[in-house]
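Asks: Hey, dropping work26.cif in here, mmCIF, C-alpha atoms:
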data_query
#
loop_
_atom_site.label_atom_id
_atom_site.label_comp_id
_atom_site.auth_asym_id
_atom_site.auth_seq_id
_atom_site.Cartn_x
_atom_site.Cartn_y
_atom_site.Cartn_z
CA MET A 485 -0.25 19.01 9.67
CA LYS A 486 2.76 16.84 10.35
CA THR A 487 5.98 17.03 12.33
CA ILE A 488 9.32 17.00 10.51
CA ASN A 489 11.02 14.45 12.77
CA ASP A 490 14.59 15.14 11.71
CA PHE A 491 15.79 14.19 15.19
CA GLU A 492 13.92 10.90 15.36
CA LYS A 493 14.95 9.99 11.82
CA HIS A 494 18.59 10.56 12.65
CA TYR A 495 18.60 8.43 15.79
CA TRP A 496 16.30 5.75 14.40
CA SER A 497 18.69 5.26 11.49
CA LEU A 498 21.35 4.45 14.11
CA ASP A 499 18.89 2.02 15.76
CA LYS A 500 18.71 4.20 18.85
CA LEU A 501 15.57 4.42 20.95
CA VAL A 502 14.22 7.94 21.47
CA ILE A 503 11.83 9.25 24.13
CA GLY A 504 10.06 12.58 23.64
CA ILE A 505 9.02 14.41 26.81
CA ASP A 506 6.65 17.32 27.24
CA GLU A 507 4.42 18.86 29.85
CA ALA A 508 1.01 20.45 30.25
CA GLY A 509 -0.02 22.99 32.85
CA ARG A 510 2.83 25.39 33.52
CA GLY A 511 0.64 28.46 33.20
CA PRO A 512 -2.49 27.71 35.26
CA LEU A 513 -3.16 29.04 38.73
CA ALA A 514 -4.61 25.74 39.90
CA GLY A 515 -4.22 22.03 39.43
CA PRO A 516 -1.20 19.81 38.91
CA LEU A 517 1.49 19.91 36.28
CA VAL A 518 1.43 16.81 34.09
CA VAL A 519 4.56 15.50 32.37
CA ALA A 520 4.52 12.68 29.81
CA GLY A 521 7.04 10.73 27.76
CA VAL A 522 6.49 8.64 24.62
CA VAL A 523 8.73 6.14 22.79
CA PHE A 524 7.63 5.27 19.27
CA PRO A 525 8.90 2.33 17.23
CA LYS A 526 11.52 2.99 14.60
CA ASP A 527 10.22 4.86 11.53
CA TYR A 528 6.83 5.58 13.06
CA ILE A 529 4.78 8.09 11.11
CA SER A 530 1.44 9.80 11.63
CA GLU A 531 -0.18 12.58 9.69
CA GLU A 532 -2.18 13.66 12.68
CA ILE A 533 0.03 13.77 15.74
CA TYR A 534 1.04 17.39 16.14
CA ASP A 535 1.47 20.03 18.84
CA SER A 536 -1.39 19.43 21.31
CA LYS A 537 -2.23 23.13 21.55
CA GLN A 538 -3.20 23.20 17.88
CA LEU A 539 -5.64 20.31 18.07
CA THR A 540 -9.23 20.24 19.20
CA GLU A 541 -10.11 18.49 22.43
CA LYS A 542 -11.98 15.76 20.58
CA LYS A 543 -9.01 15.16 18.28
CA ARG A 544 -6.66 14.99 21.26
CA GLU A 545 -8.87 12.37 22.90
CA GLN A 546 -8.80 10.27 19.72
CA LEU A 547 -5.05 10.61 19.32
CA TYR A 548 -4.53 9.72 22.98
CA GLU A 549 -5.87 6.24 22.20
CA VAL A 550 -3.79 5.98 19.02
CA ILE A 551 -0.59 6.99 20.85
CA ILE A 552 -1.11 4.49 23.65
CA ARG A 553 -1.84 1.83 21.03
CA ASP A 554 1.20 2.58 18.88
CA ALA A 555 3.89 3.52 21.41
CA LEU A 556 6.55 1.04 22.44
CA TYR A 557 6.51 2.70 25.86
CA TYR A 558 4.91 5.68 27.55
CA ASP A 559 4.87 7.22 30.99
CA VAL A 560 2.88 9.98 32.67
CA VAL A 561 3.91 11.76 35.88
CA ILE A 562 1.55 14.02 37.80
CA VAL A 563 3.40 16.75 39.68
CA GLU A 564 1.17 17.81 42.55
CA VAL A 565 0.63 21.41 43.60
CA GLU A 566 2.71 20.97 46.79
CA ILE A 567 5.77 20.12 44.71
CA ILE A 568 5.19 23.08 42.39
CA GLU A 569 4.99 25.35 45.45
CA LYS A 570 8.13 23.89 46.95
CA LEU A 571 10.33 23.89 43.84
CA ASN A 572 8.84 26.61 41.57
CA ILE A 573 7.27 25.66 38.27
CA LEU A 574 10.42 25.39 36.17
CA GLU A 575 12.21 23.14 38.62
CA ALA A 576 9.04 21.09 39.10
CA THR A 577 8.90 20.57 35.33
CA ARG A 578 12.56 19.52 35.27
CA TRP A 579 11.96 17.16 38.16
CA GLY A 580 8.98 15.48 36.44
CA MET A 581 10.82 15.18 33.13
CA SER A 582 13.94 13.77 34.80
CA GLU A 583 11.86 11.12 36.60
CA ILE A 584 10.47 9.93 33.25
CA ALA A 585 13.81 10.16 31.44
CA LYS A 586 15.68 8.20 34.12
CA LYS A 587 13.13 5.41 34.26
CA ALA A 588 12.85 4.87 30.48
CA ASN A 589 15.19 2.28 28.99
CA VAL A 590 16.17 4.43 25.99
CA ASP A 591 19.25 5.97 24.37
CA ILE A 592 18.16 9.54 23.64
CA VAL A 593 15.88 12.02 25.43
CA LEU A 594 14.17 14.79 23.43
CA THR A 595 12.64 17.71 25.32
CA ASP A 596 10.82 20.84 24.35
CA ALA A 597 13.63 23.38 24.91
CA LEU A 598 14.52 22.23 28.40
CA LYS A 599 17.91 20.94 29.51
CA LEU A 600 17.97 18.09 32.02
CA ASP A 601 20.80 17.08 34.30
CA ILE A 602 20.67 13.30 33.91
CA ASN A 603 22.87 10.42 32.90
CA LYS A 604 21.52 10.18 29.33
CA GLU A 605 21.96 12.12 26.11
CA VAL A 606 19.40 14.96 26.20
CA VAL A 607 18.55 17.00 23.12
CA ASP A 608 16.54 20.15 23.86
CA ILE A 609 14.62 21.30 20.80
CA VAL A 610 13.07 24.74 20.42
CA LYS A 611 9.43 24.27 19.36
CA GLY A 612 9.94 20.57 19.96
CA ASP A 613 6.22 19.83 19.92
CA GLN A 614 6.11 20.94 16.29
CA LYS A 615 9.35 19.32 15.18
CA SER A 616 9.28 15.95 16.90
CA ILE A 617 6.48 13.41 16.76
CA SER A 618 7.58 11.92 20.09
CA ILE A 619 7.41 15.29 21.87
CA ALA A 620 4.11 16.12 20.14
CA ALA A 621 2.67 12.79 21.30
CA ALA A 622 3.94 13.39 24.84
CA SER A 623 2.28 16.81 24.83
CA ILE A 624 -1.02 15.16 23.84
CA LEU A 625 -0.82 12.55 26.63
CA ALA A 626 0.04 15.27 29.15
CA LYS A 627 -2.71 17.61 28.01
CA VAL A 628 -5.44 14.96 27.92
CA THR A 629 -4.43 13.58 31.32
CA ARG A 630 -4.42 17.04 32.83
CA ASP A 631 -7.79 17.94 31.31
CA ARG A 632 -9.30 14.78 32.77
CA ILE A 633 -7.97 15.72 36.22
CA MET A 634 -9.43 19.22 35.88
CA TYR A 635 -12.86 17.78 35.01
CA LYS A 636 -12.74 15.89 38.31
CA MET A 637 -11.65 19.07 40.08
CA ASP A 638 -14.59 20.86 38.52
CA GLU A 639 -16.96 18.43 40.24
CA LYS A 640 -15.22 19.05 43.55
CA TYR A 641 -15.04 22.85 43.20
CA PRO A 642 -17.88 23.83 40.84
CA GLU A 643 -17.54 27.57 41.64
CA TYR A 644 -14.31 27.96 39.66
CA ASN A 645 -15.50 26.55 36.32
CA PHE A 646 -12.39 24.38 35.98
CA LYS A 647 -14.06 22.37 33.25
CA ASN A 648 -13.72 25.36 30.95
CA ASN A 649 -10.67 27.24 32.19
CA LYS A 650 -8.68 24.11 33.28
CA GLY A 651 -7.18 26.27 36.03
CA TYR A 652 -5.77 28.85 33.63
CA PRO A 653 -6.15 32.54 34.50
CA THR A 654 -9.40 33.72 32.91
CA LYS A 655 -11.55 36.66 33.89
CA GLN A 656 -14.13 34.31 35.30
CA HIS A 657 -11.47 32.42 37.29
CA PHE A 658 -10.25 35.70 38.85
CA LYS A 659 -13.82 36.63 39.78
CA ALA A 660 -14.32 33.26 41.47
CA LEU A 661 -11.04 33.77 43.36
CA GLU A 662 -12.25 37.16 44.55
CA LYS A 663 -15.59 35.79 45.62
CA TYR A 664 -14.71 32.39 47.09
CA GLY A 665 -11.00 32.66 47.88
CA ILE A 666 -8.56 29.89 47.04
CA THR A 667 -8.84 26.09 47.17
CA GLU A 668 -6.25 23.52 48.15
CA ILE A 669 -5.40 22.99 44.48
CA HIS A 670 -4.43 26.62 43.87
CA ARG A 671 -0.72 27.25 43.50
CA LYS A 672 0.11 29.44 46.45
CA ASN A 673 3.35 30.74 44.94
CA TYR A 674 1.58 32.25 41.90
CA LYS A 675 1.09 36.04 42.07
CA PRO A 676 -2.66 36.21 41.31
CA VAL A 677 -3.25 33.47 43.87
CA ILE A 678 -1.22 35.34 46.51
CA LYS A 679 -3.24 38.46 45.72
CA ALA A 680 -6.48 36.56 46.18
CA MET A 681 -5.27 35.21 49.53
CA GLN A 682 -4.39 38.73 50.72
CA SER A 683 -7.65 40.31 49.63
CA LYS A 684 -9.44 37.63 51.61
CA LEU A 685 -7.36 38.45 54.67
CA PHE A 686 -8.04 42.17 54.74
CA MET B 508 12.40 -13.48 26.81
CA ARG B 509 10.00 -11.75 24.43
CA ASN B 510 12.53 -8.95 23.97
CA LEU B 511 15.09 -11.60 23.06
CA LEU B 512 12.77 -13.15 20.47
CA ILE B 513 12.15 -9.79 18.81
CA SER B 514 15.85 -8.94 18.85
CA LEU B 515 16.68 -12.30 17.26
CA ALA B 516 14.03 -11.80 14.60
CA ILE B 517 15.54 -8.39 13.79
CA LYS B 518 19.07 -9.80 13.74
CA TYR B 519 18.15 -12.70 11.44
CA GLN B 520 15.88 -10.61 9.17
CA GLY B 521 12.82 -12.66 10.03
CA ASP B 522 14.29 -15.89 8.63
CA TYR B 523 12.27 -18.53 10.49
CA PHE B 524 14.89 -21.26 10.40
CA LYS B 525 17.78 -19.02 11.46
CA ILE B 526 15.74 -17.74 14.39
CA GLU B 527 14.80 -21.28 15.35
CA LYS B 528 18.47 -22.30 15.27
CA ALA B 529 19.49 -19.31 17.39
CA ILE B 530 16.88 -20.24 20.00
CA LYS B 531 18.05 -23.84 20.06
CA ASN B 532 21.66 -22.68 20.46
CA ASN B 533 20.52 -20.53 23.37
CA GLU B 534 21.90 -17.42 21.70
CA LYS B 535 21.83 -14.36 23.94
CA ILE B 536 21.73 -10.78 22.76
CA ASN B 537 20.89 -7.64 24.67
CA ASN B 538 17.50 -7.58 26.33
CA LYS B 539 16.65 -3.90 25.85
CA ILE B 540 13.25 -2.71 24.58
CA PRO B 541 13.34 -3.69 20.89
CA ILE B 542 13.05 -0.67 18.62
CA GLN B 543 10.32 -2.27 16.49
CA LYS B 544 6.78 -2.94 17.54
CA ALA B 545 5.90 -6.63 17.57
CA ILE B 546 3.97 -9.42 19.25
CA THR B 547 5.65 -12.72 19.95
CA ILE B 548 4.54 -16.30 20.24
CA LEU B 549 4.84 -15.85 24.02
CA ASP B 550 2.34 -12.99 24.18
CA LYS B 551 -1.30 -13.15 25.19
CA GLN B 552 -2.36 -11.31 22.03
CA TYR B 553 -0.66 -13.86 19.79
CA PRO B 554 -3.43 -15.43 17.68
CA LYS B 555 -3.81 -18.99 18.96
CA GLN B 556 -4.90 -20.30 15.55
CA LEU B 557 -1.34 -19.72 14.28
CA LEU B 558 -0.23 -22.54 16.56
CA ASP B 559 -1.96 -24.92 14.11
CA LEU B 560 1.00 -24.27 11.80
CA GLU B 561 4.06 -26.44 11.48
CA PHE B 562 6.15 -23.26 11.51
CA PRO B 563 4.24 -20.68 13.52
CA PRO B 564 6.01 -17.31 13.27
CA PHE B 565 7.96 -16.50 16.46
CA VAL B 566 7.43 -12.80 16.00
CA LEU B 567 4.94 -10.67 14.07
CA PHE B 568 5.95 -7.06 13.46
CA TYR B 569 3.02 -4.76 13.06
CA LYS B 570 1.69 -1.26 12.49
CA GLY B 571 -1.81 -0.20 13.41
CA ASP B 572 -4.53 -1.68 15.58
CA ILE B 573 -3.36 -5.07 16.87
CA SER B 574 -6.73 -5.69 18.56
CA LEU B 575 -8.20 -6.40 15.11
CA LEU B 576 -6.70 -9.88 15.47
CA ASN B 577 -9.22 -10.66 18.21
CA ASN B 578 -12.13 -10.69 15.75
CA ASP B 579 -13.50 -13.40 13.50
CA LEU B 580 -11.25 -13.31 10.47
CA ILE B 581 -12.05 -14.22 6.87
CA ALA B 582 -9.49 -14.25 4.07
CA VAL B 583 -10.54 -12.80 0.73
CA ILE B 584 -7.85 -13.45 -1.85
CA GLY B 585 -7.43 -13.68 -5.58
CA ALA B 586 -5.61 -12.95 -8.79
CA ARG B 587 -3.41 -9.96 -9.55
CA ASN B 588 -4.84 -9.79 -13.07
CA TYR B 589 -8.54 -9.62 -12.48
CA SER B 590 -11.67 -9.24 -14.57
CA GLU B 591 -14.50 -6.78 -14.03
CA TYR B 592 -16.61 -9.75 -12.96
CA GLY B 593 -14.07 -10.81 -10.32
CA LYS B 594 -13.83 -7.25 -9.09
CA SER B 595 -17.57 -6.77 -8.68
CA CYS B 596 -17.92 -10.14 -6.92
CA THR B 597 -15.09 -9.22 -4.53
CA ILE B 598 -16.66 -5.87 -3.69
CA ASP B 599 -20.08 -7.39 -3.11
CA ILE B 600 -18.73 -10.17 -0.89
CA VAL B 601 -16.49 -7.86 1.13
CA GLU B 602 -19.23 -5.32 1.68
CA LYS B 603 -21.59 -8.03 2.92
CA LEU B 604 -19.04 -9.68 5.23
CA CYS B 605 -17.20 -6.69 6.63
CA LYS B 606 -19.94 -5.61 8.99
CA HIS B 607 -19.36 -8.80 10.97
CA TYR B 608 -15.92 -10.03 10.06
CA VAL B 609 -12.45 -8.58 9.66
CA ILE B 610 -11.15 -9.16 6.13
CA VAL B 611 -7.62 -10.55 5.79
CA SER B 612 -5.60 -10.42 2.58
CA GLY B 613 -2.10 -10.07 1.18
CA LEU B 614 -1.99 -6.52 -0.25
CA ALA B 615 -1.07 -7.81 -3.68
CA LYS B 616 -2.25 -5.97 -6.78
CA GLY B 617 -5.70 -6.86 -8.01
CA ILE B 618 -8.22 -8.77 -5.91
CA ASP B 619 -6.25 -8.46 -2.63
CA SER B 620 -6.14 -4.67 -2.89
CA ILE B 621 -9.82 -4.46 -3.78
CA ALA B 622 -10.66 -6.58 -0.73
CA HIS B 623 -8.65 -4.28 1.58
CA ARG B 624 -10.08 -1.15 0.01
CA TYR B 625 -13.73 -2.08 0.43
CA ALA B 626 -13.48 -3.58 3.93
CA SER B 627 -14.28 -1.42 6.94
CA LYS B 628 -11.94 -3.49 9.12
CA THR B 629 -9.04 -5.25 7.49
CA ILE B 630 -5.65 -6.85 8.09
CA ALA B 631 -2.85 -7.10 5.52
CA VAL B 632 -0.23 -9.82 5.90
CA LEU B 633 2.96 -8.85 4.07
CA GLY B 634 5.89 -10.84 2.69
CA ASN B 635 8.34 -8.00 3.28
CA GLY B 636 9.33 -5.53 6.00
CA LEU B 637 6.71 -2.93 6.89
CA ASN B 638 8.91 -0.06 5.66
CA TYR B 639 8.62 -1.27 2.07
CA TYR B 640 5.84 -0.18 -0.21
CA TYR B 641 5.39 -3.31 -2.24
CA PRO B 642 3.85 -3.24 -4.74
CA TYR B 643 4.59 0.49 -5.00
CA GLU B 644 1.27 1.33 -6.64
CA ASN B 645 -0.41 0.39 -3.34
CA LYS B 646 1.46 3.05 -1.39
CA ASN B 647 -1.60 5.12 -0.48
CA LEU B 648 -3.64 2.08 0.46
CA TYR B 649 -0.73 0.81 2.54
CA GLN B 650 -0.40 4.11 4.41
CA HIS B 651 -4.12 4.06 5.19
CA LEU B 652 -3.88 0.47 6.44
CA GLN B 653 -0.91 1.07 8.71
CA GLU B 654 -2.52 4.08 10.37
CA ASN B 655 -6.13 2.97 10.64
CA GLN B 656 -6.18 -0.80 10.19
CA LEU B 657 -3.49 -3.41 10.78
CA VAL B 658 -0.50 -4.61 8.77
CA ILE B 659 1.61 -7.51 10.00
CA SER B 660 4.71 -9.29 8.80
CA GLU B 661 7.14 -11.80 10.20
CA TYR B 662 9.90 -9.74 8.57
CA PRO B 663 11.44 -6.75 10.38
CA LEU B 664 10.94 -3.23 9.00
CA ASN B 665 13.73 -3.04 6.45
CA VAL B 666 13.62 -6.51 4.89
CA LYS B 667 13.13 -6.31 1.13
CA PRO B 668 10.54 -8.50 -0.57
CA LYS B 669 11.99 -11.77 -1.83
CA LYS B 670 10.21 -14.20 -4.10
CA TYR B 671 10.19 -17.09 -1.62
CA HIS B 672 8.76 -14.92 1.16
CA PHE B 673 5.32 -14.82 -0.40
CA PRO B 674 4.39 -18.50 -0.52
CA PHE B 675 5.77 -18.80 3.04
CA ARG B 676 3.73 -15.77 4.06
CA ASN B 677 0.58 -17.43 2.68
CA ARG B 678 0.64 -19.93 5.54
CA ILE B 679 -0.05 -17.05 7.94
CA ILE B 680 -3.07 -15.83 5.97
CA ALA B 681 -4.45 -19.37 5.83
CA ALA B 682 -3.87 -20.06 9.51
CA LEU B 683 -5.36 -16.78 10.78
CA CYS B 684 -8.72 -17.29 9.09
CA LYS B 685 -11.39 -19.86 9.69
CA SER B 686 -12.69 -19.32 6.17
CA ILE B 687 -10.87 -18.56 2.96
CA ILE B 688 -12.73 -17.04 0.02
CA VAL B 689 -11.25 -17.08 -3.47
CA THR B 690 -13.02 -14.68 -5.82
CA GLU B 691 -10.85 -15.14 -8.91
CA ALA B 692 -7.74 -17.18 -9.60
CA SER B 693 -5.72 -18.66 -12.39
CA TYR B 694 -4.97 -22.35 -12.26
CA LYS B 695 -1.37 -22.04 -11.12
CA SER B 696 -1.03 -19.16 -8.69
CA GLY B 697 -0.10 -18.05 -5.21
CA THR B 698 -3.78 -18.01 -4.41
CA MET B 699 -3.95 -21.75 -5.01
CA LEU B 700 -1.00 -22.22 -2.66
CA THR B 701 -2.85 -20.37 0.08
CA VAL B 702 -5.84 -22.62 -0.50
CA ASN B 703 -3.62 -25.70 -0.17
CA GLU B 704 -2.28 -24.37 3.14
CA GLY B 705 -5.87 -23.78 4.23
CA LEU B 706 -6.90 -27.32 3.35
CA ALA B 707 -3.99 -28.74 5.30
CA LEU B 708 -5.15 -26.67 8.29
CA ASN B 709 -8.76 -27.76 7.93
CA ARG B 710 -10.04 -24.29 6.99
CA ASP B 711 -13.30 -23.81 5.06
CA ILE B 712 -12.71 -22.90 1.43
CA TYR B 713 -15.22 -20.92 -0.64
CA ALA B 714 -14.92 -20.10 -4.32
CA VAL B 715 -16.86 -17.88 -6.72
CA PRO B 716 -17.87 -19.77 -9.88
CA PHE B 717 -16.78 -18.49 -13.30
CA ALA B 718 -18.57 -18.55 -16.64
CA TYR B 719 -18.65 -21.38 -19.20
CA ASN B 720 -16.52 -19.52 -21.71
CA GLU B 721 -13.87 -18.40 -19.22
CA THR B 722 -10.46 -19.76 -20.19
CA VAL B 723 -7.84 -17.86 -18.14
CA ASN B 724 -9.01 -17.30 -14.58
CA CYS B 725 -10.90 -20.54 -14.13
CA GLY B 726 -9.02 -21.57 -10.98
CA THR B 727 -12.12 -21.14 -8.82
CA ASN B 728 -14.10 -23.60 -10.96
CA ILE B 729 -11.37 -26.17 -10.39
CA LEU B 730 -11.53 -25.51 -6.65
CA ILE B 731 -15.30 -26.07 -6.72
CA GLN B 732 -14.82 -29.25 -8.71
CA GLN B 733 -12.38 -30.42 -6.06
CA GLY B 734 -14.81 -29.78 -3.24
CA ALA B 735 -14.66 -26.11 -2.28
CA ASN B 736 -17.99 -24.53 -1.32
CA ILE B 737 -19.58 -22.68 -4.19
CA LEU B 738 -20.20 -19.08 -3.20
CA THR B 739 -22.93 -17.06 -4.87
CA LYS B 740 -24.97 -13.97 -4.08
CA GLU B 741 -27.87 -16.28 -3.46
CA ASN B 742 -26.26 -18.55 -0.85
CA ILE B 743 -23.74 -16.23 0.88
CA ASN B 744 -26.19 -15.41 3.70
CA ASP B 745 -26.64 -19.08 4.51
CA LEU B 746 -22.95 -19.92 4.49
CA PHE B 747 -21.76 -17.42 7.09
CA ASP B 748 -23.56 -17.60 10.41
CA LYS B 749 -23.16 -13.93 11.30
CA LEU B 750 -24.90 -12.70 8.15
#
Using the file provided, produce a representation of the structure as structure tokens.
Replies:
Amino acid sequence: MKTINDFEKHYWSLDKLVIGIDEAGRGPLAGPLVVAGVVFPKDYISEEIYDSKQLTEKKREQLYEVIIRDALYYDVVIVEVEIIEKLNILEATRWGMSEIAKKANVDIVLTDALKLDINKEVVDIVKGDQKSISIAAASILAKVTRDRIMYKMDEKYPEYNFKNNKGYPTKQHFKALEKYGITEIHRKNYKPVIKAMQSKLF
Amino acid sequence: MRNLLISLAIKYQGDYFKIEKAIKNNEKINNKIPIQKAITILDKQYPKQLLDLEFPPFVLFYKGDISLLNNDLIAVIGARNYSEYGKSCTIDIVEKLCKHYVIVSGLAKGIDSIAHRYASKTIAVLGNGLNYYYPYENKNLYQHLQENQLVISEYPLNVKPKKYHFPFRNRIIAALCKSIIVTEASYKSGTMLTVNEGLALNRDIYAVPFAYNETVNCGTNILIQQGANILTKENINDLFDKL
């Protein structure tokens, strides 16, 4: 499959630099949120770079190397659990994306349906990871980076099977929460996590 | 500084002498990230062997895997109008060499395309911007090369092919490679120009011999007569140390 790239094509034809920004890890109960941004050279094409959720893990790992090789610029920000708890997940996402967007020396910022309040032209695209190669590539960098972090977390907390669930709410993850309680990487403002904390208390 | 070089190359359409003049005149343009991917003569990845040239390109635009330049490179070049004999020699030579060397060529019709197609690792050096499919019949090959291999050009993306670009481009092919193999060539051709560049740069030249009754593409026999190494199935293993 292939992205359509109407947005990139438009801005590239005006010789404007475009960064695509996306995130991984809004839904999980545990682990950080990872936000990434990618700037491709003008007229970049790839048959393979597509929405990270529709690719296999092996393919994502391969494409991660290709993206880093081909990008003019990329950036990855890890938003730790404390920040997610303090801001809520949506604001934490905005914060991470804004950090990347502000730092990048580009003309246009493309996001996956999220408006940012920054001093640059932001275009929020619904289903951006399927319509923009830059957003799709950012989603791959974010997803791969986050998965790698969760593999490390799995070594630290083997009871929760993070290597398979990546912190997302699965039946097995809930069972582990019931049995072992929460860890320091659980998001303590998420309902199922709060429930697990309470059931441990009483 | 490297951003400036790339921006100048884009502004002056890759014209070596205009870029050189702009540098000498200390021309300044904006120093933003250039929108096209390139390595410059100031970069660590810039192939040092290009500095042997009288006019080493200031900037090389590229698509694909730039790390391919770090390998031992061999040029395999030849005629656009090829014979079955030239084709089968090219395939055999490329298949033998490509396990140990990266094959460099010019993406022209004929022998060049065959060399790229049969190499597992290969670099194409173009005489036009990387957005142009030239020659058009090589479009699919070109797309494969830019995604999985490496294509380079001193011309920015949208520069159209011009006749005088190609002989000038040949200097890059000759300078990149320690060895240049000609598998088939007519007497007067671009291939012969690349060989002349290679001789001036002290590169090793190898040529595949042609038959007694050959009258058109007998350029390789002339090269052998003039001192190029004769390359045959029987001696290829002895000529290249990695085989």
Asks: Compile the contact shell of stretch 641-644 of chain B as number ranges by chain: residues with an atom at most 12 Å away, counting all atoms listed in the file, same-chain residues fewer than 4 positions apart removed.
Replies: B: 587, 613-617, 619-620, 631-637, 648-650, 666-669, 673
Asks: Could you list, as number ranges by chain, every residue of chain B that has an atom within 10 Å of an atom of chain A, counting only C-alpha atoms?
Replies: B: 539-545, 569-574, 637-638, 650, 653-655, 664
Asks: Do you have the atom CA of A:Ile619-atom CA of A:Ala514 distance handy?
Replies: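 Answer for the atom CA of A:Ile619 to atom CA of A:Ala514 separation: 24.1 Å.
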Asks: Translate the PyMOL selection byres ((chain B and resi 729) around 12) into a concrete residue list for this structure, as a list in words.
Replies: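 On this input, the PyMOL selection byres ((chain B and resi 729) around 12) captures Val689, Glu691, Ala692, Ser693, Tyr694, Lys695, Met699, Val702, Tyr713, Ala714, Val715, Pro716, Phe717, Thr722, Val723, Asn724, Cys725, Gly726, Thr727, Asn728, Leu730, Ile731, Gln732, Gln733, Gly734, Ala735, Asn736 and Ile737 of chain B.
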Asks: With the PyMOL selection byres ((chain A and resi 631) around 12) as the selection, what would be picked from this file? Answer as a PyMOL selection string, please.
Replies: chain A and resi 508-509+512+515-518+536+541-542+544-545+624-630+632-638+646-652
Asks: Evaluate the PyMOL selection byres ((chain B and resi 549-554) around 10) here and jot the selected residues down as a PDB file with C-alpha atoms, in the frame of the given file.
Replies:
ATOM      1  CA  MET B 508      12.400 -13.480  26.810  1.00  0.00           C
ATOM      2  CA  ARG B 509      10.000 -11.750  24.430  1.00  0.00           C
ATOM      3  CA  LEU B 512      12.770 -13.150  20.470  1.00  0.00           C
ATOM      4  CA  ALA B 545       5.900  -6.630  17.570  1.00  0.00           C
ATOM      5  CA  ILE B 546       3.970  -9.420  19.250  1.00  0.00           C
ATOM      6  CA  THR B 547       5.650 -12.720  19.950  1.00  0.00           C
ATOM      7  CA  ILE B 548       4.540 -16.300  20.240  1.00  0.00           C
ATOM      8  CA  LYS B 555      -3.810 -18.990  18.960  1.00  0.00           C
ATOM      9  CA  GLN B 556      -4.900 -20.300  15.550  1.00  0.00           C
ATOM     10  CA  LEU B 557      -1.340 -19.720  14.280  1.00  0.00           C
ATOM     11  CA  LEU B 558      -0.230 -22.540  16.560  1.00  0.00           C
ATOM     12  CA  PRO B 564       6.010 -17.310  13.270  1.00  0.00           C
ATOM     13  CA  PHE B 565       7.960 -16.500  16.460  1.00  0.00           C
ATOM     14  CA  VAL B 566       7.430 -12.800  16.000  1.00  0.00           C
ATOM     15  CA  LEU B 567       4.940 -10.670  14.070  1.00  0.00           C
ATOM     16  CA  ILE B 573      -3.360  -5.070  16.870  1.00  0.00           C
ATOM     17  CA  SER B 574      -6.730  -5.690  18.560  1.00  0.00           C
ATOM     18  CA  LEU B 576      -6.700  -9.880  15.470  1.00  0.00           C
ATOM     19  CA  ASN B 577      -9.220 -10.660  18.210  1.00  0.00           C
ATOM     20  CA  ALA B 682      -3.870 -20.060   9.510  1.00  0.00           C
ATOM     21  CA  LEU B 683      -5.360 -16.780  10.780  1.00  0.00           C
TER      22      LEU B 683
END
Asks: Scan for residues within 12 Å of the point (19.1, 7.2, 33.5) in the coordinates of the file, using only C-alpha atoms, and reply as a tab-separated table (two decimals) with C-alpha atoms, in the frame of the given file.
Replies:
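Contents of selection.tsv, as written:
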chain	number	residue	atom	x	y	z
A	581	MET	CA	10.82	15.18	33.13
A	582	SER	CA	13.94	13.77	34.80
A	583	GLU	CA	11.86	11.12	36.60
A	584	ILE	CA	10.47	9.93	33.25
A	585	ALA	CA	13.81	10.16	31.44
A	586	LYS	CA	15.68	8.20	34.12
A	587	LYS	CA	13.13	5.41	34.26
A	588	ALA	CA	12.85	4.87	30.48
A	589	ASN	CA	15.19	2.28	28.99
A	590	VAL	CA	16.17	4.43	25.99
A	591	ASP	CA	19.25	5.97	24.37
A	592	ILE	CA	18.16	9.54	23.64
A	593	VAL	CA	15.88	12.02	25.43
A	600	LEU	CA	17.97	18.09	32.02
A	601	ASP	CA	20.80	17.08	34.30
A	602	ILE	CA	20.67	13.30	33.91
A	603	ASN	CA	22.87	10.42	32.90
A	604	LYS	CA	21.52	10.18	29.33
A	605	GLU	CA	21.96	12.12	26.11
A	606	VAL	CA	19.40	14.96	26.20
Asks: Write out as a ChimeraX atom specification which residues come within 10 Å of B:Asp522 when counting all atoms listed in the file, dropping same-chain ones fewer than 3 positions away.
Replies: /B:515-519,525-527,564,661-663,672
Asks: In Å, how far is it from atom CA of A:Thr577 to atom CA of A:Lys675?
Replies: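 Separating atom CA of A:Thr577 from atom CA of A:Lys675 is a distance of 18.6 Å.
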Asks: Just give me the gap between atom CA of B:Gln656 and atom CA of B:Gly585 in Å, one decimal is fine.
Replies: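 So the two atoms, atom CA of B:Gln656 and atom CA of B:Gly585, lie 20.4 Å apart.
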Asks: Pick the closest to A:Glu668 from A:Lys640, A:Ile505, A:Ile551, A:Val560: which is it, counting all atoms listed in the file?
Replies: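 Of all the options, A:Lys640 lies closest to A:Glu668.
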Asks: Might I get the box with edges along x, y and z of the file that holds all atoms of stretch 572-578 of chain A listed there, padded by 3 Å on every side, given as centre and edge lengths in Å to one decimal, as JSON?
Replies:
{"center_x": 9.9, "center_y": 23.1, "center_z": 38.4, "size_x": 11.3, "size_y": 13.1, "size_z": 12.3}
Asks: Fewer than 3 positions away in the same chain doesn't count, so skip those; otherwise give me all residues within 8 Å of A:Leu661, counting all atoms listed in the file, as a VMD selection string.
Replies: chain A and resid 644 657 to 658 664 to 666 677 680
Asks: May I have the selected residues written with C-alpha atoms, as a short mmCIF file (atom, residue, chain, number, x, y, z; two decimals), keeping the file's coordinate frame?
Replies:
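And here's again-v4.cif as it stands now:
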data_model
loop_
_atom_site.label_atom_id
_atom_site.label_comp_id
_atom_site.auth_asym_id
_atom_site.auth_seq_id
_atom_site.Cartn_x
_atom_site.Cartn_y
_atom_site.Cartn_z
CA TYR A 644 -14.31 27.96 39.66
CA HIS A 657 -11.47 32.42 37.29
CA PHE A 658 -10.25 35.70 38.85
CA TYR A 664 -14.71 32.39 47.09
CA GLY A 665 -11.00 32.66 47.88
CA ILE A 666 -8.56 29.89 47.04
CA VAL A 677 -3.25 33.47 43.87
CA ALA A 680 -6.48 36.56 46.18
#
